[in-house]
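Structure file data_30.txt; described as compact mmCIF, C-alpha atoms.
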```
# COMPACT_ATOMS: atom_id res chain seq x y z
CA MET A 1 6.67 3.26 -30.25
CA LYS A 2 6.13 -0.29 -31.45
CA PRO A 3 4.57 -2.97 -29.19
CA ILE A 4 7.04 -4.59 -26.85
CA THR A 5 6.00 -8.03 -28.10
CA ASP A 6 7.84 -7.17 -31.32
CA ILE A 7 11.17 -7.54 -29.53
CA PHE A 8 10.64 -11.15 -28.46
CA PRO A 9 12.16 -12.78 -31.59
CA ILE A 10 15.07 -10.32 -31.61
CA LEU A 11 15.84 -10.90 -27.93
CA ARG A 12 16.90 -14.45 -28.73
CA GLN A 13 20.02 -12.97 -30.30
CA PRO A 14 22.63 -12.23 -27.58
CA ALA A 15 23.73 -8.59 -27.48
CA LYS A 16 25.08 -5.90 -25.20
CA VAL A 17 22.30 -4.35 -23.13
CA VAL A 18 22.05 -1.34 -20.81
CA ILE A 19 19.22 -1.19 -18.28
CA THR A 20 18.49 2.07 -16.47
CA MET A 21 15.93 3.52 -14.08
CA HIS A 22 14.87 6.86 -12.60
CA GLN A 23 17.11 8.88 -10.31
CA LYS A 24 17.11 7.96 -6.60
CA PRO A 25 15.60 4.56 -7.46
CA ASP A 26 13.10 2.92 -5.15
CA ALA A 27 12.45 -0.79 -4.67
CA ASP A 28 10.34 -1.05 -7.84
CA ALA A 29 12.91 0.71 -10.03
CA MET A 30 15.85 -1.30 -8.68
CA GLY A 31 13.91 -4.55 -8.40
CA SER A 32 12.55 -4.43 -11.95
CA SER A 33 15.95 -3.46 -13.38
CA LEU A 34 17.77 -6.28 -11.59
CA GLY A 35 14.97 -8.75 -12.27
CA LEU A 36 15.18 -7.98 -15.99
CA ALA A 37 18.98 -8.18 -15.84
CA HIS A 38 18.88 -11.70 -14.40
CA TYR A 39 16.39 -12.76 -17.07
CA LEU A 40 18.35 -11.30 -20.00
CA LYS A 41 21.56 -12.86 -18.74
CA LYS A 42 19.86 -16.24 -19.01
CA LEU A 43 19.15 -15.41 -22.65
CA GLY A 44 22.87 -14.87 -23.21
CA HIS A 45 23.02 -11.06 -23.17
CA THR A 46 25.82 -8.98 -21.64
CA ILE A 47 24.15 -6.65 -19.16
CA THR A 48 25.10 -3.32 -17.59
CA VAL A 49 22.64 -1.82 -15.09
CA VAL A 50 23.00 1.93 -14.52
CA SER A 51 21.36 4.05 -11.85
CA PRO A 52 21.44 7.79 -12.63
CA THR A 53 22.28 8.53 -8.98
CA ASN A 54 22.96 6.80 -5.70
CA TRP A 55 20.26 4.74 -4.02
CA ALA A 56 19.08 3.82 -0.54
CA PRO A 57 21.40 1.40 1.29
CA TRP A 58 18.43 -0.81 2.18
CA LEU A 59 18.32 -1.86 -1.49
CA ASN A 60 21.87 -3.25 -1.43
CA TRP A 61 20.71 -6.74 -0.44
CA MET A 62 19.16 -7.32 -3.87
CA PRO A 63 21.01 -9.92 -5.95
CA GLY A 64 23.10 -7.99 -8.48
CA ALA A 65 22.92 -4.62 -6.72
CA ALA A 66 26.68 -4.64 -6.11
CA ASP A 67 27.27 -4.52 -9.87
CA VAL A 68 24.99 -1.54 -10.59
CA LEU A 69 26.83 1.55 -11.84
CA ASN A 70 26.14 4.91 -10.21
CA TYR A 71 26.21 7.32 -13.16
CA ASP A 72 27.15 10.29 -10.97
CA LYS A 73 30.29 8.50 -9.76
CA GLU A 74 31.03 6.16 -12.69
CA ARG A 75 30.09 8.28 -15.67
CA ASP A 76 32.85 7.00 -17.96
CA LYS A 77 31.88 3.36 -17.44
CA ALA A 78 28.19 4.10 -17.97
CA GLN A 79 28.84 6.10 -21.14
CA ALA A 80 31.14 3.39 -22.52
CA ALA A 81 28.51 0.70 -21.91
CA LEU A 82 25.82 2.82 -23.57
CA ALA A 83 28.04 3.50 -26.59
CA GLU A 84 28.46 -0.26 -27.15
CA ALA A 85 24.86 -1.26 -26.41
CA THR A 86 22.46 -2.70 -28.95
CA TRP A 87 19.53 -2.34 -26.53
CA LEU A 88 18.62 0.25 -23.90
CA PHE A 89 15.83 -0.69 -21.48
CA CYS A 90 14.27 2.19 -19.53
CA LEU A 91 12.33 1.01 -16.49
CA ASP A 92 9.95 2.75 -14.07
CA PHE A 93 10.15 6.16 -15.76
CA ASN A 94 8.75 7.42 -19.04
CA ILE A 95 10.62 10.60 -19.90
CA PHE A 96 14.39 11.05 -19.92
CA HIS A 97 14.56 14.04 -17.58
CA ARG A 98 13.67 11.65 -14.73
CA THR A 99 17.28 10.41 -15.02
CA LYS A 100 18.86 13.74 -14.04
CA ASN A 101 22.43 14.02 -15.43
CA PHE A 102 22.04 10.84 -17.51
CA GLU A 103 19.34 12.52 -19.62
CA GLN A 104 21.39 13.83 -22.54
CA ASP A 105 23.34 10.59 -22.93
CA LEU A 106 20.07 8.69 -23.25
CA TYR A 107 18.70 11.10 -25.86
CA LYS A 108 21.87 10.79 -27.94
CA ALA A 109 22.25 6.99 -27.68
CA GLN A 110 22.10 5.24 -31.06
CA CYS A 111 20.83 1.88 -29.76
CA LEU A 112 17.27 0.57 -29.78
CA LYS A 113 15.35 2.03 -26.84
CA VAL A 114 12.68 0.09 -24.96
CA LEU A 115 10.23 1.52 -22.42
CA ILE A 116 8.63 -0.58 -19.66
CA ASP A 117 6.71 1.64 -17.25
CA HIS A 118 3.42 2.17 -15.43
CA HIS A 119 3.27 5.97 -15.15
CA ARG A 120 0.93 8.23 -17.08
CA GLU A 121 1.69 10.24 -20.23
CA PRO A 122 4.87 8.58 -21.57
CA ASP A 123 7.18 10.33 -24.03
CA VAL A 124 6.53 7.68 -26.67
CA ASN A 125 8.53 9.49 -29.36
CA SER A 126 11.77 8.78 -27.46
CA PHE A 127 11.39 4.99 -27.62
CA ASP A 128 11.47 2.41 -30.41
CA PHE A 129 9.53 -0.27 -28.54
CA GLY A 130 7.68 -0.38 -25.29
CA ILE A 131 4.69 -0.73 -23.08
CA SER A 132 3.13 1.84 -20.75
CA ASN A 133 0.31 0.63 -18.53
CA PRO A 134 -0.77 2.80 -15.57
CA ALA A 135 -3.18 0.09 -14.48
CA LYS A 136 -0.29 -2.15 -13.48
CA SER A 137 0.73 -2.24 -9.83
CA SER A 138 4.44 -1.91 -10.52
CA THR A 139 7.13 -2.14 -13.14
CA CYS A 140 8.15 -5.41 -11.48
CA GLU A 141 4.73 -6.82 -12.37
CA MET A 142 5.32 -5.72 -15.97
CA ILE A 143 8.69 -7.51 -16.09
CA PHE A 144 6.99 -10.64 -14.79
CA ASP A 145 4.32 -10.27 -17.50
CA LEU A 146 7.05 -9.87 -20.13
CA ILE A 147 8.79 -13.06 -19.03
CA LEU A 148 5.51 -14.98 -19.18
CA ALA A 149 4.49 -13.48 -22.53
CA ALA A 150 7.86 -14.49 -23.98
CA GLY A 151 7.19 -18.07 -22.91
CA ASP A 152 10.05 -18.09 -20.40
CA GLU A 153 8.26 -18.65 -17.09
CA ASN A 154 10.50 -21.68 -16.60
CA MET A 155 13.48 -19.30 -16.34
CA LEU A 156 12.25 -17.80 -13.07
CA ASP A 157 14.70 -18.44 -10.24
CA LYS A 158 15.21 -17.33 -6.65
CA GLU A 159 17.44 -14.33 -7.44
CA MET A 160 15.17 -12.98 -10.17
CA SER A 161 12.08 -13.58 -8.05
CA SER A 162 13.52 -11.87 -4.96
CA CYS A 163 14.13 -8.68 -6.94
CA LEU A 164 10.67 -8.70 -8.54
CA TYR A 165 8.91 -9.49 -5.25
CA ALA A 166 10.59 -6.51 -3.56
CA GLY A 167 9.22 -4.05 -6.10
CA LEU A 168 5.82 -5.72 -6.04
CA ILE A 169 5.25 -5.38 -2.29
CA ALA A 170 6.73 -1.87 -2.23
CA ASP A 171 4.52 -0.45 -4.97
CA THR A 172 1.37 -2.22 -3.81
CA GLY A 173 1.87 -1.03 -0.23
CA SER A 174 2.24 -4.66 0.87
CA PHE A 175 -0.81 -5.56 -1.25
CA ARG A 176 -3.17 -2.91 0.13
CA PHE A 177 -3.44 -0.46 -2.83
CA ASP A 178 -6.17 -0.60 -5.48
CA ALA A 179 -3.76 -1.92 -8.12
CA THR A 180 -3.49 -5.19 -6.18
CA THR A 181 -5.39 -7.39 -8.62
CA PRO A 182 -5.76 -11.19 -8.74
CA ALA A 183 -2.86 -11.13 -11.21
CA VAL A 184 -0.66 -9.55 -8.53
CA HIS A 185 -1.41 -12.36 -6.11
CA TYR A 186 -0.77 -14.93 -8.83
CA MET A 187 2.61 -13.32 -9.44
CA ALA A 188 3.42 -13.35 -5.72
CA ALA A 189 2.54 -17.03 -5.55
CA ARG A 190 4.74 -17.92 -8.52
CA LEU A 191 7.65 -15.97 -7.04
CA MET A 192 7.22 -17.64 -3.67
CA GLU A 193 7.37 -21.01 -5.41
CA GLN A 194 10.95 -20.13 -6.39
CA GLY A 195 11.98 -20.27 -2.74
CA ILE A 196 12.17 -16.56 -1.90
CA ARG A 197 12.17 -15.60 1.78
CA HIS A 198 9.22 -13.22 1.65
CA THR A 199 9.21 -12.18 5.32
CA GLU A 200 12.93 -11.41 5.16
CA ILE A 201 12.48 -9.33 2.00
CA HIS A 202 9.72 -7.32 3.68
CA SER A 203 11.94 -6.72 6.71
CA LEU A 204 14.90 -5.66 4.55
CA LEU A 205 12.73 -3.05 2.87
CA PHE A 206 10.74 -1.70 5.80
CA ASP A 207 12.64 -2.57 9.00
CA ASN A 208 16.16 -1.70 7.94
CA PHE A 209 16.87 1.86 9.12
CA LEU A 210 19.04 3.57 11.73
CA GLU A 211 17.93 5.24 14.95
CA ASN A 212 18.37 8.74 13.53
CA ARG A 213 15.52 8.17 11.04
CA LEU A 214 13.06 7.36 13.81
CA ARG A 215 14.05 10.45 15.78
CA PHE A 216 13.85 12.52 12.59
CA MET A 217 10.31 11.27 11.99
CA GLY A 218 9.30 12.20 15.52
CA HIS A 219 10.67 15.69 14.99
CA VAL A 220 8.88 16.01 11.65
CA PHE A 221 5.48 14.94 12.99
CA SER A 222 5.84 17.28 15.99
CA HIS A 223 7.16 20.37 14.22
CA ARG A 224 6.82 20.13 10.42
CA LEU A 225 3.35 18.65 9.93
CA GLU A 226 0.47 21.05 9.26
CA PHE A 227 -3.19 20.24 8.67
CA PHE A 228 -5.61 22.20 6.52
CA TYR A 229 -8.90 20.62 7.45
CA GLU A 230 -10.87 23.03 5.28
CA TYR A 231 -9.15 21.34 2.32
CA ASN A 232 -8.87 17.86 3.90
CA THR A 233 -5.12 18.16 3.36
CA ALA A 234 -1.92 17.66 5.33
CA LEU A 235 1.48 19.15 4.51
CA ILE A 236 4.96 18.22 5.70
CA ALA A 237 7.60 20.84 4.82
CA ILE A 238 11.16 19.86 5.71
CA PRO A 239 13.94 22.48 5.64
CA LYS A 240 17.51 21.59 4.75
CA TYR A 241 18.54 22.18 8.38
CA ASP A 242 16.56 19.12 9.51
CA LEU A 243 18.26 16.88 6.97
CA LEU A 244 21.67 17.97 8.22
CA LYS A 245 20.79 17.81 11.92
CA TYR A 246 19.53 14.23 11.72
CA GLU A 247 22.08 13.11 9.10
CA ILE A 248 19.34 12.05 6.67
CA LYS A 249 20.55 9.96 3.73
CA THR A 250 18.99 8.76 0.48
CA GLY A 251 15.97 6.59 1.26
CA ASP A 252 15.41 7.86 4.81
CA THR A 253 12.35 9.90 3.80
CA GLU A 254 10.78 7.04 1.83
CA GLY A 255 7.14 6.52 2.84
CA LEU A 256 6.98 9.60 5.07
CA VAL A 257 4.28 11.22 2.94
CA ASN A 258 1.88 8.33 3.55
CA PHE A 259 1.50 8.82 7.31
CA PRO A 260 -0.87 11.84 7.30
CA LEU A 261 -3.40 9.85 5.26
CA SER A 262 -4.03 7.79 8.41
CA VAL A 263 -5.79 10.81 9.93
CA GLN A 264 -9.58 10.81 9.59
CA GLY A 265 -10.84 13.01 6.79
CA ILE A 266 -7.47 13.69 5.17
CA LYS A 267 -7.75 13.24 1.42
CA LEU A 268 -4.42 14.69 0.23
CA ALA A 269 -1.00 14.42 1.86
CA ALA A 270 1.94 16.45 0.57
CA LEU A 271 5.62 16.37 1.44
CA VAL A 272 8.18 18.93 0.31
CA ILE A 273 11.88 18.60 1.10
CA ASP A 274 14.47 21.32 0.66
CA ARG A 275 17.14 19.52 -1.36
CA GLU A 276 20.36 21.08 -2.63
CA GLU A 277 19.30 21.73 -6.23
CA GLU A 278 15.52 22.07 -5.81
CA ARG A 279 12.54 21.50 -3.57
CA LYS A 280 11.20 17.97 -4.09
CA TRP A 281 7.46 17.32 -3.77
CA SER A 282 5.60 14.06 -3.10
CA PHE A 283 1.81 13.76 -3.18
CA ARG A 284 -0.50 10.97 -2.01
CA SER A 285 -4.28 10.95 -2.09
CA LYS A 286 -7.34 8.90 -1.30
CA ASP A 287 -10.37 8.28 -3.44
CA ASN A 288 -10.92 10.55 -6.43
CA PHE A 289 -8.33 13.31 -6.06
CA ASP A 290 -5.94 13.20 -9.04
CA CYS A 291 -2.38 13.69 -7.79
CA ASN A 292 -0.98 13.27 -11.29
CA THR A 293 -2.86 16.26 -12.70
CA PHE A 294 -2.16 18.31 -9.57
CA ALA A 295 1.60 17.63 -9.75
CA ARG A 296 1.75 18.35 -13.49
CA THR A 297 -0.25 21.58 -13.20
CA TYR A 298 1.62 23.17 -10.31
CA PHE A 299 4.97 21.44 -9.73
CA ASN A 300 6.40 20.19 -13.07
CA GLY A 301 5.71 16.62 -12.02
CA GLY A 302 3.41 13.68 -12.54
CA GLY A 303 3.07 10.00 -11.83
CA HIS A 304 0.01 8.02 -10.77
CA PHE A 305 -3.55 9.09 -9.99
CA ASN A 306 -3.10 8.67 -6.21
CA ALA A 307 0.71 9.00 -5.99
CA SER A 308 2.83 11.57 -7.77
CA GLY A 309 5.89 13.76 -7.40
CA GLY A 310 7.21 17.09 -8.57
CA GLY A 311 9.83 19.74 -8.08
CA SER A 312 10.35 23.47 -7.77
CA LYS A 313 13.27 25.85 -8.11
CA ASP A 314 11.53 28.29 -5.76
CA SER A 315 12.61 28.61 -2.14
CA LEU A 316 10.92 26.38 0.41
CA GLN A 317 8.77 29.26 1.63
CA GLU A 318 7.79 30.25 -1.91
CA THR A 319 6.86 26.77 -3.06
CA VAL A 320 4.82 26.17 0.11
CA SER A 321 2.94 29.40 -0.59
CA LYS A 322 2.25 28.18 -4.11
CA PHE A 323 0.94 24.91 -2.68
CA LYS A 324 -1.45 26.75 -0.37
CA GLN A 325 -2.76 28.77 -3.30
CA ALA A 326 -3.19 25.54 -5.28
CA LEU A 327 -5.32 24.16 -2.45
CA LYS A 328 -7.68 27.12 -2.75
CA GLU A 329 -7.97 26.57 -6.49
CA ASN A 330 -8.76 22.88 -5.95
CA GLU A 331 -11.02 23.24 -2.92
CA HIS A 332 -14.04 21.77 -4.75
CA LEU A 333 -12.04 18.64 -5.63
CA LEU A 334 -10.84 18.10 -2.08
CA GLN A 335 -14.25 17.99 -0.41
```
Turn the structure described in the file into structure tokens.
Amino acid sequence: MKPITDIFPILRQPAKVVITMHQKPDADAMGSSLGLAHYLKKLGHTITVVSPTNWAPWLNWMPGAADVLNYDKERDKAQAALAEATWLFCLDFNIFHRTKNFEQDLYKAQCLKVLIDHHREPDVNSFDFGISNPAKSSTCEMIFDLILAAGDENMLDKEMSSCLYAGLIADTGSFRFDATTPAVHYMAARLMEQGIRHTEIHSLLFDNFLENRLRFMGHVFSHRLEFFYEYNTALIAIPKYDLLKYEIKTGDTEGLVNFPLSVQGIKLAALVIDREEERKWSFRSKDNFDCNTFARTYFNGGGHFNASGGGSKDSLQETVSKFKQALKENEHLLQ
């Protein structure tokens, strides 16, 4: 994988470009993809943004979101765009299986492939150019860095900045996580200078749900939350029945895994949800517990040091049992 700076001279030549992200995109994935799309359009490129799956409705406010293709529902359009593309930009994921059904199309694509991501252990052999920097707060920060490094800071505008700001505040936990560096605050200041409505963006991301989600959360905390104080760990295990009863949609469980970390002494919080095709895990930790290694070792996952995800084909009961065994094996790391 060649350095991403090598693409700067070539990017001045207008071409057809596809931008994609991980399945079930969050604010950083969608924000970085749309932010890059706005920038590349200013350079004269023809852009198609593809999400491998649907996304949370509270992301629909982002400028350009209405034009994003859902691969699961618009496969022919996505495949046609990819077949004609000169460039493929892959944002906020670093291995193709994070794109679910889009995976094989991406492997087979004959265009130049560019990675921009901040997760650990990228599949560098699948990309022609790219940058992978786990120290960065978000992929949105990396898109901002790219624009500045290319000498195009003057191209920043309100639409581009709104998208990038959304991913920035989401992945920094509204500027409270360790990755919130002085550079992050500089970026926020530059984006605010473009006239973004920062309080409105925050509200659209975090205060934009329906009543059923709040009642679902109350049910979860009362009946699905378990503490293992001997391991300084909390677990939320959600059966499929709960999702159906409370009519839970994509995005409604976002951030749920973070709540148990507010309890004194809890070092690791885990959330497992019984989805149709598999059981989906999310892990969050404090201090020096490595969620990335834990997720990779036990649940075919990965991500960041203090925030990772995984999956299991086992039943909910079986995968929870495996998690409890994993706690015993990692007891010394959780003290």
When you look at Val49 (chain A) with a cut-off of 7 Å (counting only C-alpha atoms), what residues show up, excluding the ones that are within fewer than 6 positions of it in the same chain? I need them as a compact mmCIF listing (two decimals) with C-alpha atoms, in the frame of the given file.
```txt
# COMPACT_ATOMS: atom_id res chain seq x y z
CA VAL A 18 22.05 -1.34 -20.81
CA ILE A 19 19.22 -1.19 -18.28
CA THR A 20 18.49 2.07 -16.47
CA VAL A 68 24.99 -1.54 -10.59
CA LEU A 69 26.83 1.55 -11.84
```
Could you list, with a cut-off of 10 Å and counting all atoms listed in the file, the residues of region 172-223 of chain A near region 231-236 of chain A, each shown with its nearest atom pair and the distance in Å rounded to one decimal, rows sorted by chain and ascending number, as JSON lines?
```
{"residue": "A:Val220", "atom": "CA", "partner": "A:Ile236", "partner_atom": "CA", "distance": 7.5}
{"residue": "A:Phe221", "atom": "CA", "partner": "A:Ile236", "partner_atom": "CA", "distance": 8.0}
{"residue": "A:His223", "atom": "CA", "partner": "A:Ile236", "partner_atom": "CA", "distance": 9.1}
```
What is the CA of Asp128 (chain A) to CA of Leu11 (chain A) distance in Å? 14.2 Å
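Residue nearest Leu40 (chain A), chosen from A:Ala237, A:Leu327, A:Met155, A:Ile273 and counting all atoms listed in the file: A:Met155.
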Could you pull the residues within 9 Å of Ala307 (chain A), counting only C-alpha atoms, minus those fewer than 3 positions along the same chain, as an NGL selection string? :A and (282-285 or 290-292 or 302-304)
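Non-sequential neighbours of His45 (chain A) (distance at most 7 Å, separation of 3 or more positions within a chain, all atoms listed in the file) are Pro14, Ala15, Lys16, Val17, Leu40 and Lys41 of chain A.
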Residues near region 116-118 of chain A, cut-off 10 Å, all atoms listed in the file, skip fewer than 6 positions along chain, as a list in words: Ile4, Met21, Ala29, Ser32, Phe89, Cys90, Leu91, Asp92, Phe93, Asn94, Phe129, Gly130, Ile131, Ser132, Asn133, Pro134, Ala135, Lys136, Ser137, Ser138, Thr139, Cys140, Glu141, Met142, Ile143, Leu146, Gly303 and His304 of chain A
Could you give me, as a tab-separated table, every region 2-70 of chain A residue with an atom at most 8 Å from region 196-210 of chain A, plus its closest atom pair and distance in Å to one decimal, counting all atoms listed in the file, rows ordered by chain then number?
```
residue	atom	partner	partner_atom	distance
A:Ala27	CA	A:Leu205	CA	7.9
A:Trp58	CA	A:Leu205	CA	6.2
A:Leu59	CA	A:Leu205	CA	7.2
A:Trp61	CA	A:Leu204	CA	7.7
```
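CA of Asp252 (chain A) lies 20.8 Å from CA of Lys73 (chain A).
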Within 12 Å of Arg213 (chain A), counting all atoms listed in the file, which residues qualify if same-chain residues fewer than 3 places away don't, as an MDAnalysis selection string? chainID A and resid 207:210 216:220 242:256
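Nearest residue to Ala326 (chain A), choosing from A:Ala56, A:Ala295, A:Leu191, A:Cys163 and counting all atoms listed in the file: A:Ala295.
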Of the listed residues A:Gly35, A:Pro260, A:Pro122, A:Gly309, that which approaches Ile147 (chain A) most closely, counting only C-alpha atoms: A:Gly35
In terms of the shortest atom-to-atom distance over all atoms listed in the file, which of A:Lys158, A:Leu333, A:Val272, A:Asp178 is closest to Val320 (chain A)? A:Val272
